[in-house]
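First up is the structure itself, then whatever we jot down about it.
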Amino acid sequence: MGNVKNVYLFGDKKADGDASMKNLLGGKGANLAEMNLIGVPVPPGFTITTEVCTLYNEKGRDYAVSLIKDEVEQAVADVEKMTGTKFGDANNPCLLSVRSGARASMPGMMDTVLNLGLNDAAIEGISKKTNNERFAWDSYRRFVQMYGDVVLGMKPESKEDIDPFEEIIEKIKEEKNIENDNELSINDLKEMVKRFKAAVKAQTGHIFPDDPWEQLWGAIMAVFDSWMNDRAIYYRKLNDIPAEWGTAVNVQAMVFGNMGANSATGVAFTRDAGTGENIFNGEYLIDAQGEDVVAGIRTPQQITIEGSKRWAVLADVNEEERAAKYPSLEEAMPKIYAELNATQNNLELHYKDMQDLEFTVQDGKLWMLQTRSGKRTGAAMVKIAMDMYKEGMINEKEALLRVEANKLDELLHPVFDKDALASGKILTKGLPASPGAATGQIVFFADECEKFENSILVRIETSPEDLEGMNIANGILTARGGMTSHAAVVARGMGKCCVSGAGSLKIDYKKRTMIADGNKFKEGDWISLNGTTGEILEDKIATIKPELSGDFGELMTLADKHSVMLVRTNADTPHDSQVARDFGAQGIGLCRTEHMFFEGEKIIAMREMILADDEAGRRDALAKLLPLQRTDFEGIFQAMHDLPVTVRLLDPPLHEFVPHDEKGQKEMAKVMGVTVDTIKEKVESLSEFNPMLGHRGCRLGNTYPEITEMQSRAIIEAALNLKVQGITAKPEIMIPLTGTKKELKMQEEIVREIAEKVFEERNDRIDYMVGTMIEIPRAALTADEIAESAEFFSFGTNDLTQMTFGYSRDDAGKFLPVYLDKGILDNDPFQVLDQTGVGSLMKIAVEKGRKTRPNIKIGICGEHGGEPSSVEFCNTLGFGYVSCSPFRVPIARLAAAHANIKQGAWDAETTKENLKESAKNIGNAISSEYEVVEKEAKKMAKKARKEAEKELKKLKSEAKNIISKFEDEIKNLKKKK
Ligand code: PEP
Ligand code: MG
């Protein structure tokens, strides 16, 4: 690691990093750097990389400290220079904040320490420097409180207990007979610091550290530790964030919002995170530090006048009181507001996304402390993406990629029935923190949300520890906290209904009661929350399905434009088919015919067929089933007119259909005119050790061909009946659980024979297809043979997963949770397709199938067909469609578009890479060619020189000869003379 840079400096509009370095600097660190680069005022500081966190987790504290010690000391010196202060100096101390910041934002899950560097000496310096002793002591008590909690582990001892520091604050207030924190005198604050330190010593055994460097290293390591705290681990699990990513640590010069009436702190969103409306909004507090706004201890005020007026209506505050006691930032600090408004506009334009901002005003100067893409509800996600697309800020593909497919699920949740809502009794009102409708039984503790199937978590305020319970509850209600409180932000991120800051509620954790509007409610009582209006209602309120149009519809149209795969649905009733069609399904990918046999008289005839002694008996029963089944198909074909419908022939083991209870067996005995014992014996004889690997799928049709005959006839007759009415049915008859080519062939022949017979009887025809499910590994491996009979393949990835892993679908619950906890598996393979194993079989099947039948139709109908990452995988294999349950159709449509856009980008990237590679190769070829030529030229030159030298030598010797000849001649002439 010798030369690796571990610490990145920023400040004075310069930075070592930038926004593209999120993986290394975390989201916060990268954006702090970027804000410096684009001229936004940010207090100077430095970021310790996420890689150091990973090394800390692997090799421990001593290793991590020695690795970064020099760099951190240098960075602190740089910050001192930029701020003109000195870390640890008694007269002019440099005070720091230490905050976490992972790659993906994890609001509130990890730890923060503010005002670090304060001690008994520095407090004097700060008091003198700011001429504000109260501010200095208020900052000190906050520091001891935060550091005591985060670094030294001073926490409540039980869930019913309040925070030990809060307990001391309450005690002092009681002794002094005061209500608000800001009424505490300087001496009260001094006393508070003394008591805090004593309590830390008593409860944790730690002496509160005075040395700023000890404080700093303690805080940095505590932030690294917080990556592994329970709530961070749970949040990562919930949001698929890998543990290896680690958190960065941001150390930054403090700016103070608690320096008096000219200082403030706040949180803001460039658009509404609940509804997506394009309005700047947020909350702030004058003379406060950041945590005060989100902790819900004081009532935060709104940023804009418009927001403030809206808030006043909801909070039942009249205009006079609002303007006097709760003015907006726009009114209270108009100049700062104008600067903040310009900054939010710039940041949104720069990042091209809705931003969640943190700011502090220190003595009349605005500082930005954070910007990040804001968490939002599913509805807001869709609206913001579509609005930004219409505003020209992003293009179609970007708009689609901005919406997480799974988030659409929230939009499909029920809403309150208007009439039921109108007649409901409103108990009181809070703030509409996260829209939606929730009904449930009251629980007061997050770890008890599972007590009831439908629960509403009621808290004075929530904290990050409550995350798991918030995820389980139907809705969240808090007595304290504003629109940016922990409860509000987390609920919006989860898409969960939340009403916050219902100040008139009186909640007693010990008695487990809530008083609303004079009525007492206890644990288990039913209430309803309207997250759109903030109303809290008595009892259950009926809900209905939501209307989907506007932005949602437009987004879906865009999705279809950018996808190649179609989305079908798994449906077995006309009603479900219609629901799916309304959601945009382009056909049925799986109609499980067995589901149709369970209602009314059908189950009796079905049981008669199963319990019959011989073929004749079975045929009698099947004759009764035929018209019933035909009517069912007519209903579905009608609902899906003009679209393909894949009907799967009977699949489950017969044992699932027979009566196992005494009453049912007696009834069957009566219908069939046999004794109860005979029925019992028959039922027992159907029992299997491994029914999932037993007498099911096409094995049923091959042992009892009359079942296949009846079902094929019902399908073809239904389609012909509709044709007469002018309705086009497009049946695709699917043989389940094929493993060998012969068992499929035999079934195919029966289907085709029956179809021809019916065509002849009716003197009419329809188009239909015969295909199979690929859900047994053998079928995948021999797909070239299977494709001889099958006109289409539909991957039954539920069974294919079961058989590839050898995990029983029915028994995996016993070990899968442990496997996931231990990290043996990353995902439940029954939910998220295992691309490595099951995916390889699918790839083989697709390639082999296409070899035999190049145009073979291919789709998927296992549960994975509605899971975004699995949908993407299907796209890479060139599937024609995915099929999923009706309510997942919109999710799959968006996922199909994402898959295609990403595939396109991937293809483009691969093409670019390939071109680069070829260019490199050509370059290499040219230069090696050049080398050869050069070598050759050198050789030739050498040879030429040699030859020339030889020639020269020859010429020289010839010349010498001639000269000597002349000389001889001259000599002779001279002699003659
Ligand atoms: C499958 O196995 O993936 C499938 C769709 O069939 P079933 O779930 O009915 O077994
Ligand atoms: Mg199956």
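Identifiers in the structure tokens: chain A, B, ... in order shown; residue index from 1 per chain; ligand index from 1 in order shown.
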
When DSSP works through the backbone of this structure, what residues of segment 637-718 of chain A end up as helix (DSSP H, G or I), shown as a VMD selection string? chain A and resid 637 to 639 654 to 657 662 to 672 676 to 686 691 to 693 698 to 703 705 to 718

Wanna dump the chain A-ligand 2 contacts at 8 Å for me, each residue with its shortest atom pair and the distance in Å to one decimal, counting only C-alpha atoms and all ligand atoms, ordered by chain and number, as a Markdown table?
```
| residue | atom | partner | partner_atom_place_in_ligand_line | distance |
| --- | --- | --- | --- | --- |
| A:Asp651 | CA | ligand 2 | 1 (Mg) | 7.6 |
| A:Pro736 | CA | ligand 2 | 1 (Mg) | 7.0 |
| A:Leu737 | CA | ligand 2 | 1 (Mg) | 6.6 |
| A:Met773 | CA | ligand 2 | 1 (Mg) | 7.7 |
| A:Glu775 | CA | ligand 2 | 1 (Mg) | 6.2 |
| A:Gly796 | CA | ligand 2 | 1 (Mg) | 5.2 |
| A:Thr797 | CA | ligand 2 | 1 (Mg) | 7.3 |
| A:Asn798 | CA | ligand 2 | 1 (Mg) | 5.8 |
| A:Asp799 | CA | ligand 2 | 1 (Mg) | 4.7 |
| A:Leu800 | CA | ligand 2 | 1 (Mg) | 7.5 |
| A:Gly862 | CA | ligand 2 | 1 (Mg) | 7.4 |
```

Excluding Val382 of chain A and any residue of its chain fewer than 3 positions from it, enumerate the residues within 8 Å of it, using only C-alpha atoms, and give them as a short mmCIF file (atom, residue, chain, number, x, y, z; two decimals) with N, CA and C atoms, in the first residue's frame.
```cif
data_model
loop_
_atom_site.label_atom_id
_atom_site.label_comp_id
_atom_site.auth_asym_id
_atom_site.auth_seq_id
_atom_site.Cartn_x
_atom_site.Cartn_y
_atom_site.Cartn_z
N GLY A 276 -42.97 14.17 -5.58
CA GLY A 276 -42.20 14.43 -6.80
C GLY A 276 -42.42 15.83 -7.36
N GLY A 378 -41.87 5.78 -4.58
CA GLY A 378 -42.02 5.27 -5.94
C GLY A 378 -42.75 6.29 -6.82
N ALA A 379 -43.80 6.91 -6.25
CA ALA A 379 -44.58 7.89 -7.02
C ALA A 379 -43.70 9.07 -7.39
N ALA A 385 -38.65 11.61 -12.68
CA ALA A 385 -38.02 11.13 -13.91
C ALA A 385 -38.75 11.69 -15.13
N MET A 386 -40.08 11.62 -15.12
CA MET A 386 -40.84 12.08 -16.28
C MET A 386 -40.76 13.60 -16.43
N VAL A 403 -35.90 5.15 -12.74
CA VAL A 403 -36.95 4.52 -11.93
C VAL A 403 -36.55 3.08 -11.64
N ASP A 551 -48.21 10.15 -15.48
CA ASP A 551 -46.78 9.88 -15.60
C ASP A 551 -46.49 8.38 -15.67
N PHE A 552 -47.24 7.62 -14.87
CA PHE A 552 -47.01 6.17 -14.84
C PHE A 552 -47.25 5.58 -16.23
N LEU A 555 -44.58 6.60 -18.62
CA LEU A 555 -43.33 5.86 -18.36
C LEU A 555 -43.42 4.45 -18.97
#
```

Write out as a PyMOL selection string each polymer residue whose atoms come within 8 Å of segment 224-226 of chain A, counting only C-alpha atoms; drop sequence neighbours fewer than 4 positions from it. chain A and resi 53+56+100+109-111+220+232+246-249

Any chance you could export the current selection's all heavy atoms as a PDB file, in the first residue's frame?
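Okay, this is what ended up in part.pdb:
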```
ATOM      1  N   CYS A  53     -11.369   1.548   5.308  1.00  0.00           N
ATOM      2  CA  CYS A  53     -12.382   0.869   6.142  1.00  0.00           C
ATOM      3  C   CYS A  53     -12.300  -0.645   5.940  1.00  0.00           C
ATOM      4  O   CYS A  53     -12.346  -1.425   6.889  1.00  0.00           O
ATOM      5  CB  CYS A  53     -13.779   1.386   5.770  1.00  0.00           C
ATOM      6  SG  CYS A  53     -15.120   0.610   6.691  1.00  0.00           S
ATOM      7  N   TYR A  56      -9.344  -1.839   7.674  1.00  0.00           N
ATOM      8  CA  TYR A  56      -9.604  -1.778   9.119  1.00  0.00           C
ATOM      9  C   TYR A  56     -10.379  -3.036   9.541  1.00  0.00           C
ATOM     10  O   TYR A  56     -10.050  -3.670  10.542  1.00  0.00           O
ATOM     11  CB  TYR A  56     -10.405  -0.510   9.432  1.00  0.00           C
ATOM     12  CG  TYR A  56     -10.951  -0.449  10.846  1.00  0.00           C
ATOM     13  CD1 TYR A  56     -10.132  -0.067  11.912  1.00  0.00           C
ATOM     14  CD2 TYR A  56     -12.274  -0.772  11.116  1.00  0.00           C
ATOM     15  CE1 TYR A  56     -10.626  -0.015  13.207  1.00  0.00           C
ATOM     16  CE2 TYR A  56     -12.773  -0.729  12.405  1.00  0.00           C
ATOM     17  CZ  TYR A  56     -11.945  -0.343  13.448  1.00  0.00           C
ATOM     18  OH  TYR A  56     -12.443  -0.301  14.733  1.00  0.00           O
ATOM     19  N   SER A 100     -19.643   9.643   8.554  1.00  0.00           N
ATOM     20  CA  SER A 100     -19.522   8.491   7.667  1.00  0.00           C
ATOM     21  C   SER A 100     -19.932   8.903   6.250  1.00  0.00           C
ATOM     22  O   SER A 100     -20.434   9.999   6.046  1.00  0.00           O
ATOM     23  CB  SER A 100     -20.460   7.392   8.147  1.00  0.00           C
ATOM     24  OG  SER A 100     -21.773   7.898   8.114  1.00  0.00           O
ATOM     25  N   MET A 109     -27.762   5.637   9.118  1.00  0.00           N
ATOM     26  CA  MET A 109     -27.450   4.286   9.576  1.00  0.00           C
ATOM     27  C   MET A 109     -26.110   4.235  10.301  1.00  0.00           C
ATOM     28  O   MET A 109     -25.878   3.377  11.119  1.00  0.00           O
ATOM     29  CB  MET A 109     -27.392   3.304   8.394  1.00  0.00           C
ATOM     30  CG  MET A 109     -28.710   3.124   7.697  1.00  0.00           C
ATOM     31  SD  MET A 109     -29.990   2.674   8.835  1.00  0.00           S
ATOM     32  CE  MET A 109     -31.214   3.886   8.438  1.00  0.00           C
ATOM     33  N   MET A 110     -25.201   5.171   9.972  1.00  0.00           N
ATOM     34  CA  MET A 110     -23.884   5.124  10.615  1.00  0.00           C
ATOM     35  C   MET A 110     -23.693   6.371  11.477  1.00  0.00           C
ATOM     36  O   MET A 110     -24.596   7.167  11.614  1.00  0.00           O
ATOM     37  CB  MET A 110     -22.809   4.971   9.554  1.00  0.00           C
ATOM     38  CG  MET A 110     -22.810   3.566   8.973  1.00  0.00           C
ATOM     39  SD  MET A 110     -21.691   3.413   7.616  1.00  0.00           S
ATOM     40  CE  MET A 110     -22.462   4.357   6.350  1.00  0.00           C
ATOM     41  N   ASP A 111     -22.495   6.489  12.053  1.00  0.00           N
ATOM     42  CA  ASP A 111     -22.348   7.483  13.115  1.00  0.00           C
ATOM     43  C   ASP A 111     -21.670   8.784  12.692  1.00  0.00           C
ATOM     44  O   ASP A 111     -20.950   8.833  11.703  1.00  0.00           O
ATOM     45  CB  ASP A 111     -21.582   6.850  14.274  1.00  0.00           C
ATOM     46  CG  ASP A 111     -22.445   5.820  14.985  1.00  0.00           C
ATOM     47  OD1 ASP A 111     -23.677   6.008  14.991  1.00  0.00           O
ATOM     48  OD2 ASP A 111     -21.912   4.837  15.510  1.00  0.00           O
ATOM     49  N   ILE A 220     -12.808   8.505  14.329  1.00  0.00           N
ATOM     50  CA  ILE A 220     -12.607   7.884  13.004  1.00  0.00           C
ATOM     51  C   ILE A 220     -12.873   6.381  13.098  1.00  0.00           C
ATOM     52  O   ILE A 220     -13.601   5.811  12.276  1.00  0.00           O
ATOM     53  CB  ILE A 220     -11.163   8.150  12.487  1.00  0.00           C
ATOM     54  CG1 ILE A 220     -10.983   9.633  12.165  1.00  0.00           C
ATOM     55  CG2 ILE A 220     -10.859   7.296  11.263  1.00  0.00           C
ATOM     56  CD1 ILE A 220      -9.546  10.034  11.818  1.00  0.00           C
ATOM     57  N   ALA A 232     -26.886  -0.818  10.184  1.00  0.00           N
ATOM     58  CA  ALA A 232     -26.231  -0.674   8.877  1.00  0.00           C
ATOM     59  C   ALA A 232     -26.275  -2.012   8.139  1.00  0.00           C
ATOM     60  O   ALA A 232     -26.537  -2.065   6.929  1.00  0.00           O
ATOM     61  CB  ALA A 232     -24.802  -0.201   9.048  1.00  0.00           C
ATOM     62  N   GLY A 246     -17.570  -0.931   2.402  1.00  0.00           N
ATOM     63  CA  GLY A 246     -17.002  -0.101   3.467  1.00  0.00           C
ATOM     64  C   GLY A 246     -17.469   1.342   3.398  1.00  0.00           C
ATOM     65  O   GLY A 246     -18.043   1.784   2.395  1.00  0.00           O
ATOM     66  N   THR A 247     -17.224   2.076   4.474  1.00  0.00           N
ATOM     67  CA  THR A 247     -17.594   3.497   4.477  1.00  0.00           C
ATOM     68  C   THR A 247     -16.335   4.356   4.466  1.00  0.00           C
ATOM     69  O   THR A 247     -15.303   3.963   5.015  1.00  0.00           O
ATOM     70  CB  THR A 247     -18.454   3.873   5.701  1.00  0.00           C
ATOM     71  OG1 THR A 247     -18.765   5.271   5.626  1.00  0.00           O
ATOM     72  CG2 THR A 247     -17.763   3.583   7.025  1.00  0.00           C
ATOM     73  N   ALA A 248     -16.456   5.518   3.855  1.00  0.00           N
ATOM     74  CA  ALA A 248     -15.383   6.498   3.966  1.00  0.00           C
ATOM     75  C   ALA A 248     -15.626   7.290   5.250  1.00  0.00           C
ATOM     76  O   ALA A 248     -16.693   7.184   5.851  1.00  0.00           O
ATOM     77  CB  ALA A 248     -15.400   7.429   2.762  1.00  0.00           C
ATOM     78  N   VAL A 249     -14.627   8.059   5.679  1.00  0.00           N
ATOM     79  CA  VAL A 249     -14.817   8.954   6.830  1.00  0.00           C
ATOM     80  C   VAL A 249     -14.487  10.371   6.361  1.00  0.00           C
ATOM     81  O   VAL A 249     -13.429  10.596   5.766  1.00  0.00           O
ATOM     82  CB  VAL A 249     -13.886   8.561   7.995  1.00  0.00           C
ATOM     83  CG1 VAL A 249     -14.094   9.513   9.173  1.00  0.00           C
ATOM     84  CG2 VAL A 249     -14.123   7.134   8.433  1.00  0.00           C
TER      85      VAL A 249
END
```

Near-Asp677 of chain A list (10 Å; only C-alpha atoms; drop same-chain fewer than 6 positions) as a list in words: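 Contacts, in chain order: Gln665, Lys666, Ala669 and Val683 of chain A.
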
Within 8 Å of Val564 of chain A using only C-alpha atoms, minus same-chain residues under 6 positions, as number ranges by chain: A: 880, 896-897, 900

Please save N, CA, C and O atoms of the selected residues as a compact mmCIF listing (two decimals), in the first residue's frame.
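The resulting file, out01.txt, is shown below:
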```
# COMPACT_ATOMS: atom_id res chain seq x y z
N GLY A 880 -38.08 -14.15 -26.02
CA GLY A 880 -39.16 -13.39 -26.64
C GLY A 880 -40.01 -12.71 -25.58
O GLY A 880 -40.57 -11.64 -25.81
N ALA A 896 -37.63 -4.95 -18.41
CA ALA A 896 -37.29 -5.37 -19.78
C ALA A 896 -36.65 -4.20 -20.54
O ALA A 896 -35.69 -4.39 -21.30
N ALA A 897 -37.19 -2.98 -20.30
CA ALA A 897 -36.59 -1.80 -20.95
C ALA A 897 -35.19 -1.57 -20.41
O ALA A 897 -34.24 -1.34 -21.17
N ASN A 900 -32.78 -3.95 -21.90
CA ASN A 900 -32.41 -3.68 -23.29
C ASN A 900 -31.50 -2.46 -23.41
O ASN A 900 -30.55 -2.45 -24.20
```

Which of these, A:Lys843, A:Gly475, A:Gly45, A:Arg850, has the shortest distance to Asp784 of chain A once you count only C-alpha atoms?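 For Asp784 of chain A, the nearest of the candidates is A:Arg850.
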
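Atom pair atom CA of Cys698 of chain A / atom CA of Gln711 of chain A: separated by 12.7 Å.
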
Could you check which of A:Phe359, A:Phe830, A:Phe879, A:Phe444 is closest to ligand 1, using only C-alpha atoms and all ligand atoms?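 Under the stated criterion, the closest residue is A:Phe830.
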
Between atom CA of Asp466 of chain A and atom CA of Ser485 of chain A, distance in Å (one decimal):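 Separation between atom CA of Asp466 of chain A and atom CA of Ser485 of chain A: 13.3 Å.
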
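Each of A:Ala222, A:Ala937, A:Val144, A:Ala437 was compared to Met192 of chain A using only C-alpha atoms, and A:Val144 turns out to be the nearest.
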
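The nearest approach to ligand 1 among the residues A:Gln725, A:Thr675, A:Thr646, A:Asn57, with only C-alpha atoms and all ligand atoms taken into account, belongs to A:Thr646.
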
Spatial neighbours of Asp614 of chain A, max dist 12 Å, only C-alpha atoms, sep filter under 6 positions, as a PyMOL selection string: chain A and resi 608+620-621+703-704+706

Find, counting only C-alpha atoms and all ligand atoms, the residue in A:Asp810, A:Glu753, A:Glu717, A:Asp16 that gets nearest to ligand 1.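 Checking each candidate against ligand 1, we get A:Asp810 as the closest.
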
Expected answer as an MDAnalysis selection string: strand (DSSP E or B) residues in segment 834-944 of chain A: chainID A and resid 857:860 881:884

Those same residues - all heavy atoms - I'd like them written as a PDB file, in the first residue's frame.
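As a result, again.pdb now contains:
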```pdb
ATOM      1  N   LYS A 857     -39.822 -20.254 -30.152  1.00  0.00           N
ATOM      2  CA  LYS A 857     -40.283 -19.167 -29.271  1.00  0.00           C
ATOM      3  C   LYS A 857     -39.796 -19.488 -27.861  1.00  0.00           C
ATOM      4  O   LYS A 857     -39.984 -20.610 -27.389  1.00  0.00           O
ATOM      5  CB  LYS A 857     -41.812 -19.195 -29.322  1.00  0.00           C
ATOM      6  CG  LYS A 857     -42.483 -17.925 -28.989  1.00  0.00           C
ATOM      7  CD  LYS A 857     -43.956 -18.070 -29.392  1.00  0.00           C
ATOM      8  CE  LYS A 857     -44.726 -16.837 -29.106  1.00  0.00           C
ATOM      9  NZ  LYS A 857     -46.103 -16.957 -29.532  1.00  0.00           N
ATOM     10  N   ILE A 858     -39.202 -18.522 -27.195  1.00  0.00           N
ATOM     11  CA  ILE A 858     -38.645 -18.817 -25.874  1.00  0.00           C
ATOM     12  C   ILE A 858     -39.090 -17.780 -24.844  1.00  0.00           C
ATOM     13  O   ILE A 858     -39.062 -16.568 -25.096  1.00  0.00           O
ATOM     14  CB  ILE A 858     -37.099 -18.855 -25.935  1.00  0.00           C
ATOM     15  CG1 ILE A 858     -36.657 -20.011 -26.832  1.00  0.00           C
ATOM     16  CG2 ILE A 858     -36.492 -19.019 -24.533  1.00  0.00           C
ATOM     17  CD1 ILE A 858     -35.181 -20.166 -27.020  1.00  0.00           C
ATOM     18  N   GLY A 859     -39.517 -18.294 -23.694  1.00  0.00           N
ATOM     19  CA  GLY A 859     -39.924 -17.393 -22.604  1.00  0.00           C
ATOM     20  C   GLY A 859     -39.637 -18.028 -21.255  1.00  0.00           C
ATOM     21  O   GLY A 859     -39.074 -19.124 -21.161  1.00  0.00           O
ATOM     22  N   ILE A 860     -40.023 -17.323 -20.211  1.00  0.00           N
ATOM     23  CA  ILE A 860     -39.837 -17.828 -18.850  1.00  0.00           C
ATOM     24  C   ILE A 860     -41.149 -17.613 -18.096  1.00  0.00           C
ATOM     25  O   ILE A 860     -41.815 -16.597 -18.289  1.00  0.00           O
ATOM     26  CB  ILE A 860     -38.675 -17.067 -18.145  1.00  0.00           C
ATOM     27  CG1 ILE A 860     -38.464 -17.573 -16.716  1.00  0.00           C
ATOM     28  CG2 ILE A 860     -38.899 -15.576 -18.117  1.00  0.00           C
ATOM     29  CD1 ILE A 860     -37.226 -16.962 -16.026  1.00  0.00           C
ATOM     30  N   TYR A 881     -40.156 -13.345 -24.428  1.00  0.00           N
ATOM     31  CA  TYR A 881     -41.000 -12.750 -23.379  1.00  0.00           C
ATOM     32  C   TYR A 881     -40.617 -13.275 -22.008  1.00  0.00           C
ATOM     33  O   TYR A 881     -39.913 -14.285 -21.877  1.00  0.00           O
ATOM     34  CB  TYR A 881     -42.485 -13.064 -23.641  1.00  0.00           C
ATOM     35  CG  TYR A 881     -42.840 -14.520 -23.481  1.00  0.00           C
ATOM     36  CD1 TYR A 881     -43.208 -15.038 -22.227  1.00  0.00           C
ATOM     37  CD2 TYR A 881     -42.776 -15.397 -24.551  1.00  0.00           C
ATOM     38  CE1 TYR A 881     -43.505 -16.384 -22.068  1.00  0.00           C
ATOM     39  CE2 TYR A 881     -43.071 -16.736 -24.400  1.00  0.00           C
ATOM     40  CZ  TYR A 881     -43.437 -17.225 -23.159  1.00  0.00           C
ATOM     41  OH  TYR A 881     -43.711 -18.543 -22.979  1.00  0.00           O
ATOM     42  N   VAL A 882     -41.065 -12.534 -20.987  1.00  0.00           N
ATOM     43  CA  VAL A 882     -41.030 -13.033 -19.618  1.00  0.00           C
ATOM     44  C   VAL A 882     -42.474 -13.030 -19.133  1.00  0.00           C
ATOM     45  O   VAL A 882     -43.278 -12.234 -19.588  1.00  0.00           O
ATOM     46  CB  VAL A 882     -40.164 -12.153 -18.686  1.00  0.00           C
ATOM     47  CG1 VAL A 882     -38.707 -12.195 -19.085  1.00  0.00           C
ATOM     48  CG2 VAL A 882     -40.672 -10.717 -18.646  1.00  0.00           C
ATOM     49  N   SER A 883     -42.798 -13.938 -18.232  1.00  0.00           N
ATOM     50  CA  SER A 883     -44.172 -13.993 -17.737  1.00  0.00           C
ATOM     51  C   SER A 883     -44.149 -13.964 -16.214  1.00  0.00           C
ATOM     52  O   SER A 883     -43.338 -14.649 -15.582  1.00  0.00           O
ATOM     53  CB  SER A 883     -44.837 -15.273 -18.240  1.00  0.00           C
ATOM     54  OG  SER A 883     -46.213 -15.231 -17.921  1.00  0.00           O
ATOM     55  N   CYS A 884     -45.040 -13.157 -15.640  1.00  0.00           N
ATOM     56  CA  CYS A 884     -45.026 -13.006 -14.176  1.00  0.00           C
ATOM     57  C   CYS A 884     -46.442 -12.765 -13.671  1.00  0.00           C
ATOM     58  O   CYS A 884     -47.366 -12.622 -14.468  1.00  0.00           O
ATOM     59  CB  CYS A 884     -44.130 -11.835 -13.799  1.00  0.00           C
ATOM     60  SG  CYS A 884     -44.625 -10.309 -14.583  1.00  0.00           S
TER      61      CYS A 884
END
```

For a quick check of understanding, using only C-alpha atoms, which of A:Ala585, A:Ala899, A:Val489, A:Ile172 has the smallest distance to Gly282 of chain A?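 Nearest candidate to Gly282 of chain A out of A:Ala585, A:Ala899, A:Val489, A:Ile172: A:Val489.
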